[in-house]
Amino acid sequence: MNTETLIPYAGIVTEITQQTPDVKTFRVEAPGGGKLFEHKPGQCAMLSVPGISEAMISITSSPTNTEYMEFSVKKCGCLTEWLHSMEVGQMITVRGPYGRHFPVYDELLGKDLLIIAGGIGLAPVRSVINYVRDNRDKFGTVDIVYGSRSKDDLVYYKEIVEEWMTTPGFNVHLTIDNPQEGWGGHVGFVPNFVKELNPDLKKTVLMCGPPIMIKFTLGGLMELGFRKEQVYTTMELRMKCGIGKCGRCNIGNKYVCKDGPVFRFDELDELPNEY
């Protein structure tokens with residue numbers, strides 16, 4: 001274990017963006033400017049407000065960004081409610097990075113990618129997406145399938161439309177669960193949408209979302225002919241202490257914080273109970 005990850009850094013919140021009614025993105029910088037520490041796509045950090053609580057949150061900014069780090073937080077508990085009440089200029093403590101990252105430096109090089117996400121599950125893979133955009137010559141085509149309950153619940157919508165959809169070699173497919181006035185795109189759940197799109201079996205899949213989405217999307221991919229060796233996911237929501245001491249993140253013979261949070265599906269002997 002790298003003991004440096006146990007030492008918290010003081011960070012200043014320099015920008016807050018309201019993504020959806022219950023999701024905000026926090027831009028955090030070191031007091032002297034720049035990001036707090038180096039990280040790799042898919043890694044997490046422990047955000048803490050002294051005297052309130054702490055939580056493991058995905059680092060959603062790309063490692064190629066040297067000016068700041070970003071964290072997208074869904075309001076769902078004590079700490080997250082406190083974070084959502086913060087204002088620009090306030091300080092939080094951050095420690096990390098934690099966990100195994102997506103293999104963008106070796107196994108994914110040169111590959112065509114299929115990135116599948118649901119709801120706030122887009123946050124952990126946003127780091128990968130922007131890393132690939134900044135290293136476009138090292139990867140093949142990228143298909144992104146992203147769905148949420150409604151248009152209003154699609155995180156990073158402005159970034160998706162203005163940046164991802166205009167990147168050469170990127171194809172973005174959006175869907176919402178139910179029909180909505182003013183929405184002319186696809187309507188339906190992500191697992192069915194993936195099967196409708198019938199993606200090329202040569203693609204490598206990165207996936208993150210609610211457990212029920214992952215379960216049915218994985219099943220659909222297997223029906224299409226994909227192998228578990230082609231599919232990666234991240235399970236950082238099960239992480240608690242980040243250092244393998246509390247046992248909360250145990251899955252079979254794995255500890256998410258030490259062996260993950262990024263896993264290839266063939267590495268898991270079993271899925272967590274909620275799947």
# chains A, B, ... in the order shown; residues from 1 in each chain; ligands from 1
>>> residues_around(residues="Leu218 of chain A", least_positions_apart="3", cutoff="12 Å", atoms="only C-alpha atoms", output="VMD selection string")
chain A and resid 116 to 117 190 to 192 194 to 195 205 to 209 211 to 215 221 to 233 264 to 266 271 275
>>> write_last_selection(atoms="N, CA, C and O atoms", output="tab-separated table (two decimals), in the first residue's frame")
chain	number	residue	atom	x	y	z
A	116	ILE	N	-20.29	2.04	-22.50
A	116	ILE	CA	-21.71	1.97	-22.17
A	116	ILE	C	-21.90	2.50	-20.75
A	116	ILE	O	-21.22	2.07	-19.82
A	117	ALA	N	-22.83	3.45	-20.59
A	117	ALA	CA	-23.03	4.04	-19.27
A	117	ALA	C	-24.50	4.36	-19.04
A	117	ALA	O	-25.25	4.62	-19.97
A	190	VAL	N	-31.02	1.07	-21.73
A	190	VAL	CA	-29.69	0.88	-22.30
A	190	VAL	C	-29.43	-0.55	-22.78
A	190	VAL	O	-28.94	-0.74	-23.90
A	191	PRO	N	-29.74	-1.61	-22.00
A	191	PRO	CA	-29.44	-2.97	-22.47
A	191	PRO	C	-30.10	-3.29	-23.81
A	191	PRO	O	-29.46	-3.89	-24.69
A	192	ASN	N	-31.36	-2.89	-23.98
A	192	ASN	CA	-32.05	-3.14	-25.26
A	192	ASN	C	-31.46	-2.30	-26.38
A	192	ASN	O	-31.35	-2.77	-27.52
A	194	VAL	N	-28.40	-1.28	-26.69
A	194	VAL	CA	-27.12	-1.88	-27.11
A	194	VAL	C	-27.36	-3.02	-28.09
A	194	VAL	O	-26.69	-3.13	-29.12
A	195	LYS	N	-28.35	-3.85	-27.79
A	195	LYS	CA	-28.65	-4.97	-28.69
A	195	LYS	C	-29.18	-4.47	-30.04
A	195	LYS	O	-28.85	-5.03	-31.09
A	205	VAL	N	-15.21	-3.39	-24.56
A	205	VAL	CA	-16.31	-2.70	-23.90
A	205	VAL	C	-15.89	-2.18	-22.52
A	205	VAL	O	-15.30	-2.92	-21.73
A	206	LEU	N	-16.22	-0.92	-22.23
A	206	LEU	CA	-16.06	-0.34	-20.90
A	206	LEU	C	-17.46	0.04	-20.44
A	206	LEU	O	-18.18	0.73	-21.16
A	207	MET	N	-17.85	-0.38	-19.25
A	207	MET	CA	-19.24	-0.23	-18.85
A	207	MET	C	-19.35	0.22	-17.39
A	207	MET	O	-18.62	-0.25	-16.53
A	208	CYS	N	-20.29	1.14	-17.13
A	208	CYS	CA	-20.56	1.57	-15.77
A	208	CYS	C	-21.98	2.10	-15.67
A	208	CYS	O	-22.47	2.80	-16.56
A	209	GLY	N	-22.67	1.73	-14.60
A	209	GLY	CA	-24.04	2.17	-14.41
A	209	GLY	C	-24.66	1.46	-13.23
A	209	GLY	O	-23.98	0.76	-12.47
A	211	PRO	N	-26.42	-1.35	-11.02
A	211	PRO	CA	-26.23	-2.81	-11.08
A	211	PRO	C	-27.19	-3.52	-12.02
A	211	PRO	O	-26.78	-4.40	-12.78
A	212	ILE	N	-28.48	-3.14	-12.02
A	212	ILE	CA	-29.45	-3.82	-12.88
A	212	ILE	C	-29.13	-3.58	-14.35
A	212	ILE	O	-29.31	-4.46	-15.18
A	213	MET	N	-28.63	-2.39	-14.67
A	213	MET	CA	-28.23	-2.10	-16.06
A	213	MET	C	-27.04	-2.94	-16.47
A	213	MET	O	-27.00	-3.51	-17.57
A	214	ILE	N	-26.06	-3.03	-15.57
A	214	ILE	CA	-24.87	-3.82	-15.88
A	214	ILE	C	-25.23	-5.29	-16.08
A	214	ILE	O	-24.76	-5.94	-17.02
A	215	LYS	N	-26.09	-5.81	-15.21
A	215	LYS	CA	-26.48	-7.22	-15.30
A	215	LYS	C	-27.10	-7.53	-16.66
A	215	LYS	O	-26.70	-8.48	-17.34
A	221	LEU	N	-24.76	-8.49	-24.15
A	221	LEU	CA	-23.48	-8.57	-24.87
A	221	LEU	C	-23.08	-10.03	-25.10
A	221	LEU	O	-22.58	-10.39	-26.17
A	222	MET	N	-23.31	-10.88	-24.10
A	222	MET	CA	-23.00	-12.29	-24.25
A	222	MET	C	-23.88	-12.92	-25.35
A	222	MET	O	-23.41	-13.74	-26.14
A	223	GLU	N	-25.16	-12.51	-25.40
A	223	GLU	CA	-26.06	-13.02	-26.45
A	223	GLU	C	-25.57	-12.61	-27.83
A	223	GLU	O	-25.68	-13.38	-28.80
A	224	LEU	N	-25.02	-11.40	-27.93
A	224	LEU	CA	-24.54	-10.91	-29.23
A	224	LEU	C	-23.26	-11.63	-29.67
A	224	LEU	O	-22.93	-11.62	-30.85
A	225	GLY	N	-22.56	-12.23	-28.71
A	225	GLY	CA	-21.33	-12.95	-29.06
A	225	GLY	C	-20.07	-12.39	-28.44
A	225	GLY	O	-18.97	-12.87	-28.72
A	226	PHE	N	-20.21	-11.36	-27.60
A	226	PHE	CA	-19.04	-10.84	-26.89
A	226	PHE	C	-18.60	-11.85	-25.82
A	226	PHE	O	-19.39	-12.65	-25.34
A	227	ARG	N	-17.33	-11.79	-25.47
A	227	ARG	CA	-16.79	-12.63	-24.41
A	227	ARG	C	-16.52	-11.77	-23.17
A	227	ARG	O	-16.27	-10.57	-23.29
A	228	LYS	N	-16.55	-12.38	-22.01
A	228	LYS	CA	-16.30	-11.62	-20.78
A	228	LYS	C	-14.91	-10.99	-20.78
A	228	LYS	O	-14.70	-9.96	-20.13
A	229	GLU	N	-13.97	-11.59	-21.51
A	229	GLU	CA	-12.61	-11.05	-21.59
A	229	GLU	C	-12.57	-9.71	-22.32
A	229	GLU	O	-11.56	-9.00	-22.26
A	230	GLN	N	-13.65	-9.35	-23.01
A	230	GLN	CA	-13.70	-8.11	-23.77
A	230	GLN	C	-14.38	-6.98	-23.00
A	230	GLN	O	-14.43	-5.85	-23.50
A	231	VAL	N	-14.88	-7.27	-21.81
A	231	VAL	CA	-15.74	-6.31	-21.12
A	231	VAL	C	-15.14	-5.91	-19.77
A	231	VAL	O	-14.86	-6.77	-18.92
A	232	TYR	N	-14.98	-4.60	-19.57
A	232	TYR	CA	-14.48	-4.05	-18.31
A	232	TYR	C	-15.59	-3.26	-17.63
A	232	TYR	O	-16.43	-2.64	-18.28
A	233	THR	N	-15.57	-3.26	-16.31
A	233	THR	CA	-16.50	-2.42	-15.55
A	233	THR	C	-15.77	-1.86	-14.34
A	233	THR	O	-14.65	-2.27	-14.03
A	264	ARG	N	-12.03	-6.73	-15.34
A	264	ARG	CA	-12.52	-7.40	-16.55
A	264	ARG	C	-13.44	-8.49	-16.04
A	264	ARG	O	-13.16	-9.14	-15.04
A	265	PHE	N	-14.57	-8.71	-16.72
A	265	PHE	CA	-15.59	-9.58	-16.14
A	265	PHE	C	-15.12	-11.02	-15.93
A	265	PHE	O	-15.60	-11.71	-15.04
A	266	ASP	N	-14.16	-11.48	-16.72
A	266	ASP	CA	-13.69	-12.84	-16.51
A	266	ASP	C	-12.84	-12.96	-15.25
A	266	ASP	O	-12.51	-14.07	-14.81
A	271	LEU	N	-20.70	-12.13	-9.22
A	271	LEU	CA	-21.11	-10.74	-9.14
A	271	LEU	C	-21.67	-10.46	-7.75
A	271	LEU	O	-22.13	-11.37	-7.06
A	275	TYR	N	-26.46	-7.58	-8.00
A	275	TYR	CA	-26.56	-7.84	-9.43
A	275	TYR	C	-27.45	-9.04	-9.72
A	275	TYR	O	-27.65	-9.41	-10.83
>>> closest_residue(among="A:Lys40, A:Lys151, A:Arg133, A:Lys138", to="Pro168 of chain A", atoms="only C-alpha atoms")
A:Arg133
>>> atom_distance(atom1="atom CA of His101 of chain A", atom2="atom CA of Ile144 of chain A")
18.9 Å
>>> closest_residue(among="A:Gly51, A:Gly34, A:Gly119, A:Gly184", to="Gln19 of chain A", atoms="only C-alpha atoms")
A:Gly119
>>> select_by_dssp(residues="segment 18-237 of chain A", states="alpha helix (DSSP H)", output="PyMOL selection string")
chain A and resi 78-84+122-134+157-159+190-197+211-224
>>> atom_distance(atom1="atom CA of Glu29 of chain A", atom2="atom CA of Glu162 of chain A")
24.7 Å
>>> atom_distance(atom1="atom CA of Glu70 of chain A", atom2="atom CA of Thr25 of chain A")
6.6 Å
>>> closest_residue(among="A:Thr66, A:Ala123, A:Ala30, A:Val262", to="Pro103 of chain A", atoms="only C-alpha atoms")
A:Val262
>>> residues_around(residues="Arg126 of chain A", least_positions_apart="4", cutoff="9 Å", atoms="only C-alpha atoms", output="number ranges by chain")
A: 41-42, 59-62, 122, 130-131
>>> residues_around(residues="Ile7 of chain A", least_positions_apart="4", cutoff="10 Å", atoms="only C-alpha atoms", output="list in words")
Thr3, Thr93, Val94, Arg95 and Gly96 of chain A
>>> write_last_selection(atoms="N, CA and C atoms", output="PDB file, in the first residue's frame")
ATOM      1  N   THR A   3       1.518   4.590   1.292  1.00  0.00           N
ATOM      2  CA  THR A   3       1.030   5.367   2.435  1.00  0.00           C
ATOM      3  C   THR A   3       0.793   6.831   2.080  1.00  0.00           C
ATOM      4  N   THR A  93     -10.897  18.439   1.710  1.00  0.00           N
ATOM      5  CA  THR A  93      -9.673  17.647   1.673  1.00  0.00           C
ATOM      6  C   THR A  93      -9.882  16.457   0.746  1.00  0.00           C
ATOM      7  N   VAL A  94      -8.824  16.101   0.043  1.00  0.00           N
ATOM      8  CA  VAL A  94      -8.871  15.024  -0.943  1.00  0.00           C
ATOM      9  C   VAL A  94      -7.635  14.147  -0.753  1.00  0.00           C
ATOM     10  N   ARG A  95      -7.831  12.849  -0.728  1.00  0.00           N
ATOM     11  CA  ARG A  95      -6.672  11.957  -0.703  1.00  0.00           C
ATOM     12  C   ARG A  95      -6.833  10.854  -1.748  1.00  0.00           C
ATOM     13  N   GLY A  96      -5.696  10.397  -2.236  1.00  0.00           N
ATOM     14  CA  GLY A  96      -5.716   9.393  -3.286  1.00  0.00           C
ATOM     15  C   GLY A  96      -4.459   9.494  -4.123  1.00  0.00           C
TER      16      GLY A  96
END
>>> residues_around(residues="Val28 of chain A", least_positions_apart="4", cutoff="10 Å", atoms="only C-alpha atoms", output="NGL selection string")
:A and (10-16 or 33-36 or 67-71 or 88-94)
>>> select_by_dssp(residues="segment 115-184 of chain A", states="strand (DSSP E)", output="VMD selection string")
chain A and resid 115 to 118 142 to 148 170 to 176
>>> write_last_selection(atoms="N, CA, C and O atoms", output="PDB file, in the first residue's frame")
ATOM      1  N   ILE A 115     -18.183   2.197 -25.182  1.00  0.00           N
ATOM      2  CA  ILE A 115     -18.335   2.666 -23.813  1.00  0.00           C
ATOM      3  C   ILE A 115     -19.827   2.777 -23.515  1.00  0.00           C
ATOM      4  O   ILE A 115     -20.554   3.493 -24.203  1.00  0.00           O
ATOM      5  N   ILE A 116     -20.286   2.042 -22.503  1.00  0.00           N
ATOM      6  CA  ILE A 116     -21.709   1.973 -22.166  1.00  0.00           C
ATOM      7  C   ILE A 116     -21.899   2.501 -20.748  1.00  0.00           C
ATOM      8  O   ILE A 116     -21.217   2.072 -19.817  1.00  0.00           O
ATOM      9  N   ALA A 117     -22.832   3.449 -20.593  1.00  0.00           N
ATOM     10  CA  ALA A 117     -23.033   4.038 -19.268  1.00  0.00           C
ATOM     11  C   ALA A 117     -24.499   4.362 -19.040  1.00  0.00           C
ATOM     12  O   ALA A 117     -25.251   4.618 -19.972  1.00  0.00           O
ATOM     13  N   GLY A 118     -24.892   4.343 -17.769  1.00  0.00           N
ATOM     14  CA  GLY A 118     -26.249   4.702 -17.373  1.00  0.00           C
ATOM     15  C   GLY A 118     -26.225   5.680 -16.223  1.00  0.00           C
ATOM     16  O   GLY A 118     -25.491   5.483 -15.250  1.00  0.00           O
ATOM     17  N   VAL A 142     -14.526   5.079 -31.372  1.00  0.00           N
ATOM     18  CA  VAL A 142     -15.139   5.039 -30.050  1.00  0.00           C
ATOM     19  C   VAL A 142     -16.646   5.217 -30.192  1.00  0.00           C
ATOM     20  O   VAL A 142     -17.104   6.223 -30.744  1.00  0.00           O
ATOM     21  N   ASP A 143     -17.408   4.231 -29.734  1.00  0.00           N
ATOM     22  CA  ASP A 143     -18.863   4.342 -29.679  1.00  0.00           C
ATOM     23  C   ASP A 143     -19.274   4.498 -28.225  1.00  0.00           C
ATOM     24  O   ASP A 143     -18.858   3.706 -27.373  1.00  0.00           O
ATOM     25  N   ILE A 144     -20.085   5.508 -27.949  1.00  0.00           N
ATOM     26  CA  ILE A 144     -20.571   5.747 -26.592  1.00  0.00           C
ATOM     27  C   ILE A 144     -22.079   5.557 -26.583  1.00  0.00           C
ATOM     28  O   ILE A 144     -22.799   6.202 -27.353  1.00  0.00           O
ATOM     29  N   VAL A 145     -22.558   4.653 -25.750  1.00  0.00           N
ATOM     30  CA  VAL A 145     -23.991   4.446 -25.560  1.00  0.00           C
ATOM     31  C   VAL A 145     -24.312   4.901 -24.148  1.00  0.00           C
ATOM     32  O   VAL A 145     -23.822   4.331 -23.176  1.00  0.00           O
ATOM     33  N   TYR A 146     -25.140   5.934 -24.052  1.00  0.00           N
ATOM     34  CA  TYR A 146     -25.423   6.507 -22.733  1.00  0.00           C
ATOM     35  C   TYR A 146     -26.914   6.758 -22.573  1.00  0.00           C
ATOM     36  O   TYR A 146     -27.558   7.322 -23.450  1.00  0.00           O
ATOM     37  N   GLY A 147     -27.450   6.315 -21.446  1.00  0.00           N
ATOM     38  CA  GLY A 147     -28.865   6.515 -21.187  1.00  0.00           C
ATOM     39  C   GLY A 147     -29.133   6.971 -19.771  1.00  0.00           C
ATOM     40  O   GLY A 147     -28.331   6.749 -18.856  1.00  0.00           O
ATOM     41  N   SER A 148     -30.281   7.622 -19.590  1.00  0.00           N
ATOM     42  CA  SER A 148     -30.703   8.048 -18.268  1.00  0.00           C
ATOM     43  C   SER A 148     -32.222   8.077 -18.215  1.00  0.00           C
ATOM     44  O   SER A 148     -32.893   7.798 -19.219  1.00  0.00           O
ATOM     45  N   PHE A 170     -15.633   9.448 -33.142  1.00  0.00           N
ATOM     46  CA  PHE A 170     -16.528   9.234 -32.013  1.00  0.00           C
ATOM     47  C   PHE A 170     -17.973   9.184 -32.508  1.00  0.00           C
ATOM     48  O   PHE A 170     -18.402  10.030 -33.299  1.00  0.00           O
ATOM     49  N   ASN A 171     -18.709   8.186 -32.040  1.00  0.00           N
ATOM     50  CA  ASN A 171     -20.143   8.071 -32.334  1.00  0.00           C
ATOM     51  C   ASN A 171     -20.878   7.979 -31.006  1.00  0.00           C
ATOM     52  O   ASN A 171     -20.620   7.070 -30.215  1.00  0.00           O
ATOM     53  N   VAL A 172     -21.781   8.930 -30.750  1.00  0.00           N
ATOM     54  CA  VAL A 172     -22.482   8.974 -29.474  1.00  0.00           C
ATOM     55  C   VAL A 172     -23.950   8.631 -29.688  1.00  0.00           C
ATOM     56  O   VAL A 172     -24.621   9.214 -30.550  1.00  0.00           O
ATOM     57  N   HIS A 173     -24.450   7.674 -28.904  1.00  0.00           N
ATOM     58  CA  HIS A 173     -25.833   7.214 -28.999  1.00  0.00           C
ATOM     59  C   HIS A 173     -26.512   7.455 -27.653  1.00  0.00           C
ATOM     60  O   HIS A 173     -26.154   6.831 -26.655  1.00  0.00           O
ATOM     61  N   LEU A 174     -27.490   8.355 -27.615  1.00  0.00           N
ATOM     62  CA  LEU A 174     -28.169   8.699 -26.369  1.00  0.00           C
ATOM     63  C   LEU A 174     -29.567   8.101 -26.333  1.00  0.00           C
ATOM     64  O   LEU A 174     -30.230   7.969 -27.363  1.00  0.00           O
ATOM     65  N   THR A 175     -30.011   7.742 -25.143  1.00  0.00           N
ATOM     66  CA  THR A 175     -31.369   7.228 -24.977  1.00  0.00           C
ATOM     67  C   THR A 175     -31.897   7.651 -23.608  1.00  0.00           C
ATOM     68  O   THR A 175     -31.118   7.882 -22.681  1.00  0.00           O
ATOM     69  N   ILE A 176     -33.226   7.782 -23.514  1.00  0.00           N
ATOM     70  CA  ILE A 176     -33.866   8.024 -22.214  1.00  0.00           C
ATOM     71  C   ILE A 176     -34.919   6.949 -21.999  1.00  0.00           C
ATOM     72  O   ILE A 176     -35.411   6.341 -22.952  1.00  0.00           O
TER      73      ILE A 176
END
>>> closest_residue(among="A:Thr64, A:Thr80, A:Asn178, A:Ser150", to="Val132 of chain A", atoms="only C-alpha atoms")
A:Thr64
>>> residues_around(residues="Ile57 of chain A", least_positions_apart="5", cutoff="7 Å", atoms="only C-alpha atoms", output="list of chain:residue names")
A:Cys44, A:Ala45, A:Met46, A:Leu47, A:Phe71
